[in-house]
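Structure record follows, encoded as structure tokens.
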Amino acid sequence: MLTLTSSHYRSYTSLFIRIWLAEKIDTFSTSINSLMTNSAVNNLDFLTKCLMRDIDEAKLLPPAVALKLFYKFRKQRKIYEEYEEFLSNSKNNRLRNSIKLLVKAAYKYEARLHTVGFSDKPVMKTPDYIKEGLSDIGRESVKAYFESRNALQ
């Protein structure tokens, strides 16, 4: 008759403890990942709200100040784009959407700073030869498009 000796009992107990510990570590890492993701999403949402508020307030800035902010913020927007590229493969949809909204708000803010910053600069009239050249390019493009469609039929 086979009986469990104390060494067998210890090995089964040790195996059971290892499996239990691995499950607990997995659960813990999943919960930590979830907490970190929620924190990141909350921070990105907060930044987006701040930028959206600042878009309206940028109208009140003097052009010189807006221009300085424009050049500084351009670098910051590029960092946001790098974050978006890095997180584009993330499995978390909330995180991806939050960074997309932040980048969209950053573009709007940069555009508003550009508009206000360059509002006191003189506007040059586009020379006629450039307008005619663009018009010719447009005509050629439309003509080529319709010719290619007719060739396909």
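All residue names refer to the structure tokens as shown: chains lettered A, B, ... in order, residues numbered from 1 in each chain, ligands numbered from 1 in order.
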I'd like the contact shell of stretch 78-83 of chain A - 8 Å cut-off, only C-alpha atoms, skipping same-chain residues fewer than 6 positions apart - returned as JSON, numbers by chain.
{"A": [99, 102, 103]}
Grab the residues selected above and save them as a PDB file, in the first residue's frame with N, CA and C atoms.
ATOM      1  N   ILE A  99      -5.103  60.524 -25.083  1.00  0.00           N
ATOM      2  CA  ILE A  99      -3.924  61.164 -25.677  1.00  0.00           C
ATOM      3  C   ILE A  99      -4.289  61.791 -27.022  1.00  0.00           C
ATOM      4  N   LEU A 102      -5.852  65.075 -26.241  1.00  0.00           N
ATOM      5  CA  LEU A 102      -4.829  66.019 -25.799  1.00  0.00           C
ATOM      6  C   LEU A 102      -4.075  66.595 -26.997  1.00  0.00           C
ATOM      7  N   VAL A 103      -3.699  65.754 -27.942  1.00  0.00           N
ATOM      8  CA  VAL A 103      -2.973  66.231 -29.125  1.00  0.00           C
ATOM      9  C   VAL A 103      -3.861  67.161 -29.953  1.00  0.00           C
TER      10      VAL A 103
END
Tell me which protein, DNA and RNA residues are within 12 Å of A:Leu87, counting only C-alpha atoms, leaving out same-chain ones fewer than 5 positions away, and put them as a list in words.
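Those residues are Thr37, Ala40, Val41, Tyr80, Glu81, Glu82, Asn92, Asn93, Arg94, Leu95, Arg96, Asn97, Ser98, Ile99 and Lys100 of chain A.
Note that atom CA of A:Arg74 and atom CA of A:Asn43 are 20.3 Å apart.
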Give me the stretch 59-112 of chain A side of the contact with stretch 119-141 of chain A, cut-off 10 Å, one line per residue showing its nearest atom pair and distance in Å at one decimal, counting only C-alpha atoms, sorted by chain and residue number, as a Markdown table.
| residue | atom | partner | partner_atom | distance |
| --- | --- | --- | --- | --- |
| A:Pro62 | CA | A:Asp120 | CA | 9.5 |
| A:Pro63 | CA | A:Ser119 | CA | 6.7 |
| A:Ala64 | CA | A:Asp120 | CA | 8.9 |
| A:Ala66 | CA | A:Ser119 | CA | 9.8 |
| A:Leu67 | CA | A:Ser119 | CA | 9.7 |
